[in-house]
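Structure file coords-v3.cif; described as mmCIF, C-alpha atoms.
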data_target
loop_
_atom_site.label_atom_id
_atom_site.label_comp_id
_atom_site.auth_asym_id
_atom_site.auth_seq_id
_atom_site.Cartn_x
_atom_site.Cartn_y
_atom_site.Cartn_z
CA MET A 1 6.33 17.74 -10.09
CA LYS A 2 2.92 16.96 -11.50
CA PRO A 3 0.03 19.26 -10.47
CA LYS A 4 -2.71 16.61 -10.44
CA LYS A 5 -3.97 15.36 -7.09
CA ARG A 6 -3.79 11.93 -5.53
CA VAL A 7 -5.10 10.50 -2.27
CA PHE A 8 -3.42 7.59 -0.51
CA LEU A 9 -4.50 5.82 2.66
CA TRP A 10 -2.51 3.71 5.09
CA ASP A 11 -3.32 0.00 5.08
CA HIS A 12 -2.95 -1.02 8.73
CA ILE A 13 -4.79 -3.78 10.55
CA ASN A 14 -3.21 -2.86 13.88
CA TYR A 15 -1.31 0.33 14.70
CA LYS A 16 0.31 1.34 17.98
CA LEU A 17 1.75 4.81 18.46
CA ALA A 18 3.96 5.81 21.38
CA GLY A 19 2.46 8.75 23.22
CA ALA A 20 -1.07 8.17 22.01
CA PRO A 21 -3.51 8.60 24.94
CA GLU A 22 -5.67 5.66 23.79
CA PRO A 23 -5.83 3.10 20.97
CA LEU A 24 -6.10 4.71 17.55
CA LEU A 25 -9.30 4.48 15.59
CA ILE A 26 -8.61 2.48 12.41
CA ALA A 27 -10.93 2.12 9.44
CA ASP A 28 -10.66 -0.35 6.58
CA PRO A 29 -8.84 1.45 3.74
CA TRP A 30 -10.46 -0.56 0.96
CA ILE A 31 -13.97 0.47 1.95
CA GLN A 32 -12.74 4.05 2.35
CA LEU A 33 -11.13 3.98 -1.10
CA ALA A 34 -14.35 2.66 -2.65
CA ALA A 35 -16.26 5.54 -1.06
CA ILE A 36 -13.70 8.05 -2.38
CA ALA A 37 -13.83 6.50 -5.84
CA LEU A 38 -17.60 6.91 -5.99
CA ARG A 39 -17.53 10.56 -4.84
CA THR A 40 -14.71 11.78 -7.11
CA LYS A 41 -13.98 11.83 -10.82
CA TYR A 42 -10.36 12.78 -11.38
CA ILE A 43 -8.32 12.08 -8.23
CA LYS A 44 -5.98 9.11 -8.41
CA LEU A 45 -6.17 6.94 -5.30
CA GLY A 46 -4.77 3.88 -3.61
CA PRO A 47 -3.20 2.34 -0.51
CA MET A 48 0.24 3.51 0.49
CA VAL A 49 1.08 0.80 1.17
CA THR A 50 -0.66 -2.55 1.43
CA PRO A 51 1.58 -5.25 2.99
CA LEU A 52 1.08 -8.06 0.49
CA PRO A 53 2.62 -10.80 2.70
CA ARG A 54 -0.34 -10.59 5.08
CA ARG A 55 -2.87 -10.71 2.23
CA ARG A 56 -4.14 -13.45 -0.05
CA PRO A 57 -3.14 -12.23 -3.54
CA TRP A 58 -6.35 -13.58 -5.10
CA LYS A 59 -8.46 -11.56 -2.63
CA LEU A 60 -6.33 -8.49 -3.33
CA ALA A 61 -6.76 -9.11 -7.07
CA ARG A 62 -10.55 -9.01 -6.72
CA GLU A 63 -10.43 -5.87 -4.58
CA THR A 64 -8.05 -3.97 -6.83
CA VAL A 65 -9.82 -4.78 -10.10
CA THR A 66 -13.18 -3.88 -8.54
CA LEU A 67 -11.76 -0.58 -7.29
CA ASP A 68 -10.13 0.13 -10.65
CA GLN A 69 -13.49 -0.47 -12.33
CA LEU A 70 -15.40 1.65 -9.78
CA SER A 71 -12.96 4.55 -10.17
CA GLY A 72 -12.81 4.44 -13.95
CA GLY A 73 -9.15 3.40 -13.97
CA ARG A 74 -7.74 5.66 -11.24
CA LEU A 75 -6.18 3.12 -8.88
CA ILE A 76 -2.47 3.05 -8.02
CA LEU A 77 -1.41 0.09 -5.91
CA GLY A 78 1.26 0.74 -3.32
CA ILE A 79 2.80 -2.53 -2.11
CA GLY A 80 5.41 -3.31 0.50
CA LEU A 81 6.77 -5.85 2.93
CA GLY A 82 5.06 -4.32 5.94
CA SER A 83 6.40 -4.10 9.46
CA ASP A 84 5.73 -5.96 12.69
CA ARG A 85 6.42 -2.82 14.72
CA SER A 86 2.77 -2.72 15.84
CA GLY A 87 2.32 -6.48 15.90
CA GLU A 88 0.56 -6.59 12.54
CA TYR A 89 2.10 -9.98 11.89
CA GLY A 90 3.11 -11.43 15.26
CA ASP A 91 -0.06 -10.52 17.14
CA PHE A 92 -2.10 -12.53 14.63
CA GLY A 93 0.12 -15.59 14.41
CA GLU A 94 1.74 -14.59 11.09
CA THR A 95 5.44 -15.08 10.45
CA THR A 96 7.70 -12.22 11.49
CA ASP A 97 10.69 -13.54 9.52
CA ALA A 98 11.55 -10.79 7.03
CA ARG A 99 13.21 -13.21 4.62
CA VAL A 100 10.10 -15.38 4.44
CA ARG A 101 7.86 -12.36 4.07
CA GLY A 102 10.06 -11.18 1.20
CA GLU A 103 9.57 -14.52 -0.55
CA VAL A 104 5.81 -14.28 -0.04
CA LEU A 105 5.84 -10.72 -1.37
CA ASP A 106 7.62 -11.69 -4.59
CA GLU A 107 5.39 -14.72 -5.19
CA GLY A 108 2.33 -12.63 -4.35
CA LEU A 109 3.29 -10.04 -6.97
CA ASP A 110 3.65 -12.79 -9.57
CA VAL A 111 0.23 -14.24 -8.72
CA LEU A 112 -1.46 -10.84 -8.52
CA THR A 113 -0.25 -9.63 -11.92
CA GLN A 114 -1.17 -12.91 -13.60
CA LEU A 115 -4.66 -12.81 -12.09
CA TRP A 116 -5.07 -9.30 -13.52
CA SER A 117 -4.28 -10.61 -17.01
CA GLY A 118 -7.63 -12.36 -17.43
CA GLU A 119 -5.86 -15.44 -18.80
CA GLU A 120 -6.12 -18.91 -17.32
CA PHE A 121 -2.92 -20.01 -15.57
CA SER A 122 -1.50 -22.30 -12.92
CA TYR A 123 1.19 -21.38 -10.42
CA GLU A 124 3.50 -23.54 -8.35
CA GLY A 125 5.50 -21.59 -5.81
CA GLN A 126 6.90 -22.26 -2.37
CA HIS A 127 4.13 -20.29 -0.68
CA PHE A 128 1.29 -20.17 -3.23
CA GLN A 129 -0.15 -22.85 -5.49
CA LEU A 130 -2.95 -22.17 -7.98
CA SER A 131 -4.52 -24.60 -10.42
CA ARG A 132 -6.06 -23.38 -13.68
CA VAL A 133 -7.59 -20.16 -12.39
CA GLN A 134 -8.92 -17.26 -14.44
CA PHE A 135 -10.19 -13.94 -13.10
CA LEU A 136 -12.53 -11.63 -14.99
CA PRO A 137 -13.06 -8.77 -15.48
CA THR A 138 -9.61 -7.36 -16.09
CA PRO A 139 -8.57 -3.89 -14.87
CA ILE A 140 -9.52 -0.86 -16.93
CA GLN A 141 -5.88 0.22 -16.86
CA GLN A 142 -3.67 -1.69 -19.26
CA PRO A 143 -1.27 -3.39 -19.41
CA ARG A 144 -2.07 -3.44 -15.67
CA ILE A 145 -2.78 -1.35 -12.62
CA PRO A 146 0.35 0.70 -11.73
CA ILE A 147 2.37 -0.75 -8.86
CA TRP A 148 4.56 1.40 -6.63
CA ILE A 149 6.91 -0.54 -4.35
CA ALA A 150 7.85 0.68 -0.87
CA GLY A 151 11.22 0.14 0.74
CA ASN A 152 13.54 1.36 3.46
CA TRP A 153 16.76 2.80 2.04
CA PRO A 154 19.61 1.75 2.05
CA HIS A 155 18.30 -1.87 1.96
CA LYS A 156 18.79 -2.73 -1.70
CA LYS A 157 16.36 -5.59 -2.39
CA PRO A 158 13.14 -3.51 -2.23
CA PHE A 159 14.62 -1.10 -4.75
CA ARG A 160 15.61 -3.87 -7.15
CA ARG A 161 12.00 -5.04 -6.79
CA ALA A 162 10.73 -1.52 -7.49
CA ALA A 163 12.78 -1.38 -10.69
CA ARG A 164 10.52 -4.09 -12.15
CA PHE A 165 7.39 -2.00 -11.70
CA ASP A 166 6.09 1.54 -12.07
CA GLY A 167 7.21 3.56 -9.09
CA VAL A 168 8.80 3.68 -5.66
CA PHE A 169 7.72 4.91 -2.24
CA PRO A 170 11.02 5.17 -0.34
CA GLN A 171 11.51 5.63 3.38
CA LYS A 172 14.46 5.56 5.75
CA SER A 173 14.42 4.07 9.23
CA GLY A 174 15.29 6.52 11.98
CA ARG A 175 15.14 9.74 9.96
CA ASP A 176 13.57 11.46 6.99
CA LEU A 177 14.97 10.99 3.52
CA THR A 178 17.00 13.87 2.10
CA PRO A 179 17.24 14.93 -1.56
CA GLU A 180 20.72 13.37 -1.58
CA ASP A 181 19.19 10.05 -0.49
CA PHE A 182 16.72 10.38 -3.34
CA ARG A 183 19.44 10.88 -5.93
CA GLU A 184 21.30 7.86 -4.63
CA LEU A 185 18.35 5.46 -4.48
CA LEU A 186 16.94 6.54 -7.85
CA GLY A 187 20.36 6.09 -9.40
CA TYR A 188 20.43 2.56 -7.97
CA ILE A 189 16.93 1.80 -9.31
CA HIS A 190 17.72 3.06 -12.77
CA THR A 191 20.75 0.79 -13.02
CA HIS A 192 18.31 -2.13 -12.63
CA ARG A 193 15.51 -0.83 -14.87
CA THR A 194 14.95 -2.74 -18.09
CA GLY A 195 11.76 -1.02 -19.24
CA THR A 196 11.43 2.39 -20.84
CA THR A 197 8.03 3.35 -19.42
CA PRO A 198 7.78 6.35 -17.05
CA PHE A 199 8.78 5.69 -13.45
CA ASP A 200 7.32 7.57 -10.47
CA ALA A 201 9.08 8.38 -7.20
CA VAL A 202 7.21 9.68 -4.16
CA ALA A 203 8.70 12.06 -1.62
CA PHE A 204 6.64 12.78 1.48
CA GLY A 205 6.47 14.99 4.53
CA LEU A 206 4.29 17.71 5.97
CA THR A 207 4.77 21.29 4.84
CA SER A 208 3.44 24.25 6.79
CA GLY A 209 0.86 25.53 4.32
CA ILE A 210 1.69 29.00 5.65
CA ASP A 211 5.23 29.81 4.50
CA LYS A 212 4.65 29.29 0.78
CA ALA A 213 8.20 30.13 -0.26
CA GLN A 214 9.78 27.77 2.26
CA ASP A 215 7.34 24.99 1.36
CA ALA A 216 8.04 25.44 -2.35
CA ALA A 217 11.80 25.39 -1.83
CA HIS A 218 11.60 22.22 0.25
CA VAL A 219 9.48 20.36 -2.31
CA ALA A 220 11.57 21.68 -5.21
CA SER A 221 14.71 20.18 -3.67
CA PHE A 222 13.14 16.71 -3.99
CA ALA A 223 11.87 17.40 -7.50
CA GLN A 224 15.39 18.35 -8.53
CA ALA A 225 16.61 15.06 -7.04
CA GLY A 226 14.18 13.09 -9.23
CA ALA A 227 10.96 12.85 -7.21
CA THR A 228 7.85 13.04 -9.39
CA TRP A 229 5.27 13.37 -6.60
CA TRP A 230 5.08 15.10 -3.24
CA LEU A 231 2.78 13.47 -0.67
CA GLU A 232 1.56 15.49 2.29
CA SER A 233 1.74 12.86 5.03
CA PHE A 234 -0.47 13.60 8.03
CA ASP A 235 0.35 12.53 11.56
CA PRO A 236 -2.17 10.04 13.02
CA LEU A 237 -2.55 12.28 16.08
CA GLN A 238 -3.66 15.27 14.00
CA THR A 239 -7.32 16.11 14.30
CA PHE A 240 -9.76 16.04 11.43
CA GLU A 241 -9.97 19.84 11.54
CA GLN A 242 -6.19 20.22 11.38
CA ILE A 243 -6.07 17.98 8.31
CA ARG A 244 -9.01 19.78 6.70
CA GLN A 245 -7.32 23.14 7.29
CA ARG A 246 -4.06 21.96 5.71
CA ILE A 247 -5.94 20.63 2.67
CA HIS A 248 -7.74 23.95 2.22
CA GLN A 249 -4.39 25.77 2.29
CA GLY A 250 -3.49 23.93 -0.91
CA PRO A 251 -0.45 21.99 -2.06
CA PRO A 252 3.07 23.45 -2.26
CA ARG A 253 3.65 25.20 -5.58
CA ILE A 254 6.97 24.95 -7.35
#
Let me see the structure of the file written as structure tokens.
Amino acid sequence: MKPKKRVFLWDHINYKLAGAPEPLLIADPWIQLAAIALRTKYIKLGPMVTPLPRRRPWKLARETVTLDQLSGGRLILGIGLGSDRSGEYGDFGETTDARVRGEVLDEGLDVLTQLWSGEEFSYEGQHFQLSRVQFLPTPIQQPRIPIWIAGNWPHKKPFRRAARFDGVFPQKSGRDLTPEDFRELLGYIHTHRTGTTPFDAVAFGLTSGIDKAQDAAHVASFAQAGATWWLESFDPLQTFEQIRQRIHQGPPRI
């Protein structure tokens, strides 16, 4: 796996966690990412993931290009369907129909990538209609900002969607993904890939930071299955000091 560092933030508007003693404190990830971009020089950054069906793609286009410009071309955009588990759709009067949200997601990706192009275009979809719009500036990264698509395996549609873009952030409802899951889902993606550009796959979890050999073996098992990045994923109930301590212990080395 690659040794360079990346920082990803959740994009939640509402988050409920069983067992939490009180409502969780939630900050806006886009303002946080802008602050990180201005205080760093080399770390890649982005949301993991932003639920595009509850966003306006033209607003997201402005935010992402601005952040790409601020960071000097370091943005990676994680995109997914999102979940209504915490009422992030239903509590705000948004549709909870997964099929409809999937349609909005696909149209939103089309609109977003065309807005990044800097060319004037019109769009006539079922959910979005645009008339002769043109957004400037364009992203620093060309041909566009990398897009990593999230999905819950073994549902196939998100992984066919991921095959059209630059990477995948896979999950599995009810349990953690195994290296065997990774081999299977990456094999499925690659049967649908038409491009020859590099493709990233993110495995995630939380290693101990103490047992270096065990941590390395765990991460290596995913690398051998085709993962290109390991993401240390912190629990929302962990304290700031616990997270800081784990960061100072350093990433797993393989």
Distance table requested - region 80-149 of chain A against region 161-171 of chain A, cut-off 7 Å, all atoms listed in the file: one row per qualifying residue with the closest atom pair and its distance in Å to one decimal, ordered by chain and rising residue number, as a tab-separated table.
residue	atom	partner	partner_atom	distance
A:Pro146	CA	A:Asp166	CA	5.8
A:Ile147	CA	A:Asp166	CA	5.4
A:Trp148	CA	A:Gly167	CA	4.2
A:Ile149	CA	A:Val168	CA	4.8
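The neighbours of region 119-126 of chain A here are the residues that come within 12 Å of it, using only C-alpha atoms and leaving out any residue fewer than 4 positions away in the same chain; they are Val100, Arg101, Glu103, Val104, Leu105, Asp106, Glu107, Gly108, Leu109, Asp110, Val111, Leu112, Thr113, Gln114, Leu115, Leu130, Ser131, Arg132, Val133, Gln134, Phe135, Leu136, Pro137 and Thr138 of chain A.
For the set A:Lys156, A:Arg74, A:Lys5, A:Arg56, the residue with the smallest atom-to-atom gap to Leu38 (chain A) is A:Arg74, counting all atoms listed in the file.
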In Å, with one decimal, what is the gap from CA of Gly46 (chain A) to CA of Ser117 (chain A)? 19.7 Å
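Among A:Arg193, A:Ile254, A:Lys172, A:Ile140, the residue with the shortest atom-to-atom distance to His155 (chain A), counting all atoms listed in the file, is A:Lys172.
Residue nearest Phe8 (chain A) within the list A:Phe159, A:Tyr188, A:Phe234, A:Trp153: A:Phe234 [criterion: smallest interatomic distance, all atoms listed in the file].
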Using only C-alpha atoms, which residue out of A:Leu70, A:Ile43, A:Ala34, A:Val49 lies closest to Leu9 (chain A)? A:Val49
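Proximity ranking of A:Leu185, A:Ile79, A:Ile13, A:Leu231 relative to Leu206 (chain A) places A:Leu231 first, based on all atoms listed in the file.
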Take the PyMOL selection byres ((chain A and resi 50) around 7), run it mentally on this structure, and tell me the resulting residues as a PyMOL selection string. chain A and resi 11+47-49+51-52+78-80
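Between CA of Ser208 (chain A) and CA of His248 (chain A) lies a distance of 12.1 Å.
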CA of Leu75 (chain A) to CA of Lys44 (chain A), distance in Å rounded to a single decimal: 6.0 Å
Selection result for the PyMOL selection byres ((chain A and resi 202) around 7) on this file, as a PyMOL selection string: chain A and resi 168-169+200-201+203-204+227-231
Which residues are near Ile36 (chain A)? Cut-off 9 Å, only C-alpha atoms, ignore same chain within fewer than 5 positions. Put them as a VMD selection string. chain A and resid 7 31 43 45 71
Include C-alpha atoms and write out the residues we just selected as a short mmCIF file (atom, residue, chain, number, x, y, z; two decimals), keeping the file's coordinate frame.
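File written: part_11.cif
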data_model
loop_
_atom_site.label_atom_id
_atom_site.label_comp_id
_atom_site.auth_asym_id
_atom_site.auth_seq_id
_atom_site.Cartn_x
_atom_site.Cartn_y
_atom_site.Cartn_z
CA VAL A 7 -5.10 10.50 -2.27
CA ILE A 31 -13.97 0.47 1.95
CA ILE A 43 -8.32 12.08 -8.23
CA LEU A 45 -6.17 6.94 -5.30
CA SER A 71 -12.96 4.55 -10.17
#
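Comparing the minimum interatomic distances between Phe199 (chain A) and each of A:Pro158, A:Gly226, A:Glu63, A:Pro23, counting all atoms listed in the file, we find that A:Gly226 sits nearest.
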Assuming 6 Å of padding per side, give the centre and edge lengths of the axis-aligned box around every listed atom of region 226-240 of chain A, in Å to one decimal and as lines of an AutoDock Vina configuration file.
center_x = 2.2
center_y = 13.1
center_z = 3.3
size_x = 35.9
size_y = 18.1
size_z = 37.5
Find the residues near Thr178 (chain A): any atom within 9 Å, counting only C-alpha atoms, skip ones fewer than 4 places away on the same chain, and give them as a compact mmCIF listing (two decimals) with C-alpha atoms, in the frame of the given file.
# COMPACT_ATOMS: atom_id res chain seq x y z
CA PHE A 182 16.72 10.38 -3.34
CA ARG A 183 19.44 10.88 -5.93
CA SER A 221 14.71 20.18 -3.67
CA PHE A 222 13.14 16.71 -3.99
Place all heavy atoms on region 214-225 of chain A and deliver the coordinates as a tab-separated table (two decimals), in the frame of the given file.
chain	number	residue	atom	x	y	z
A	214	GLN	N	9.01	28.84	1.63
A	214	GLN	CA	9.78	27.77	2.26
A	214	GLN	C	9.26	26.40	1.83
A	214	GLN	O	10.05	25.49	1.54
A	214	GLN	CB	9.71	27.90	3.78
A	214	GLN	CG	10.57	26.89	4.53
A	214	GLN	CD	10.45	27.04	6.03
A	214	GLN	OE1	9.35	26.95	6.59
A	214	GLN	NE2	11.57	27.30	6.68
A	215	ASP	N	7.93	26.26	1.80
A	215	ASP	CA	7.34	24.99	1.36
A	215	ASP	C	7.76	24.66	-0.07
A	215	ASP	O	8.14	23.53	-0.38
A	215	ASP	CB	5.81	25.06	1.43
A	215	ASP	CG	5.28	25.13	2.86
A	215	ASP	OD1	6.08	24.93	3.80
A	215	ASP	OD2	4.08	25.41	3.03
A	216	ALA	N	7.69	25.66	-0.94
A	216	ALA	CA	8.04	25.44	-2.35
A	216	ALA	C	9.50	25.05	-2.49
A	216	ALA	O	9.84	24.15	-3.28
A	216	ALA	CB	7.74	26.69	-3.16
A	217	ALA	N	10.37	25.70	-1.74
A	217	ALA	CA	11.80	25.39	-1.83
A	217	ALA	C	12.08	23.97	-1.35
A	217	ALA	O	12.91	23.25	-1.93
A	217	ALA	CB	12.60	26.40	-1.00
A	218	HIS	N	11.39	23.56	-0.29
A	218	HIS	CA	11.60	22.22	0.25
A	218	HIS	C	11.17	21.16	-0.76
A	218	HIS	O	11.92	20.21	-1.05
A	218	HIS	CB	10.80	22.06	1.54
A	218	HIS	CG	10.95	20.71	2.19
A	218	HIS	ND1	12.13	20.28	2.76
A	218	HIS	CD2	10.06	19.69	2.35
A	218	HIS	CE1	11.97	19.07	3.24
A	218	HIS	NE2	10.72	18.67	3.00
A	219	VAL	N	9.99	21.33	-1.33
A	219	VAL	CA	9.48	20.36	-2.31
A	219	VAL	C	10.33	20.38	-3.58
A	219	VAL	O	10.63	19.33	-4.17
A	219	VAL	CB	8.00	20.64	-2.62
A	219	VAL	CG1	7.51	19.75	-3.75
A	219	VAL	CG2	7.15	20.43	-1.37
A	220	ALA	N	10.76	21.57	-4.00
A	220	ALA	CA	11.57	21.68	-5.21
A	220	ALA	C	12.89	20.94	-5.07
A	220	ALA	O	13.40	20.38	-6.05
A	220	ALA	CB	11.84	23.15	-5.52
A	221	SER	N	13.44	20.88	-3.86
A	221	SER	CA	14.71	20.18	-3.67
A	221	SER	C	14.56	18.69	-3.97
A	221	SER	O	15.49	18.05	-4.46
A	221	SER	CB	15.24	20.39	-2.24
A	221	SER	OG	14.40	19.76	-1.28
A	222	PHE	N	13.39	18.12	-3.68
A	222	PHE	CA	13.14	16.71	-3.99
A	222	PHE	C	12.84	16.53	-5.48
A	222	PHE	O	13.25	15.52	-6.07
A	222	PHE	CB	12.01	16.16	-3.13
A	222	PHE	CG	12.42	15.90	-1.71
A	222	PHE	CD1	12.27	16.86	-0.73
A	222	PHE	CD2	12.98	14.68	-1.35
A	222	PHE	CE1	12.66	16.64	0.58
A	222	PHE	CE2	13.38	14.43	-0.05
A	222	PHE	CZ	13.23	15.41	0.92
A	223	ALA	N	12.13	17.48	-6.06
A	223	ALA	CA	11.87	17.40	-7.50
A	223	ALA	C	13.18	17.42	-8.28
A	223	ALA	O	13.36	16.67	-9.25
A	223	ALA	CB	10.96	18.55	-7.93
A	224	GLN	N	14.10	18.27	-7.86
A	224	GLN	CA	15.39	18.35	-8.53
A	224	GLN	C	16.20	17.07	-8.36
A	224	GLN	O	17.05	16.76	-9.20
A	224	GLN	CB	16.17	19.56	-8.00
A	224	GLN	CG	15.56	20.89	-8.39
A	224	GLN	CD	16.01	22.04	-7.51
A	224	GLN	OE1	16.87	21.87	-6.63
A	224	GLN	NE2	15.42	23.21	-7.71
A	225	ALA	N	15.90	16.32	-7.28
A	225	ALA	CA	16.61	15.06	-7.04
A	225	ALA	C	15.95	13.89	-7.77
A	225	ALA	O	16.47	12.77	-7.72
A	225	ALA	CB	16.65	14.77	-5.54
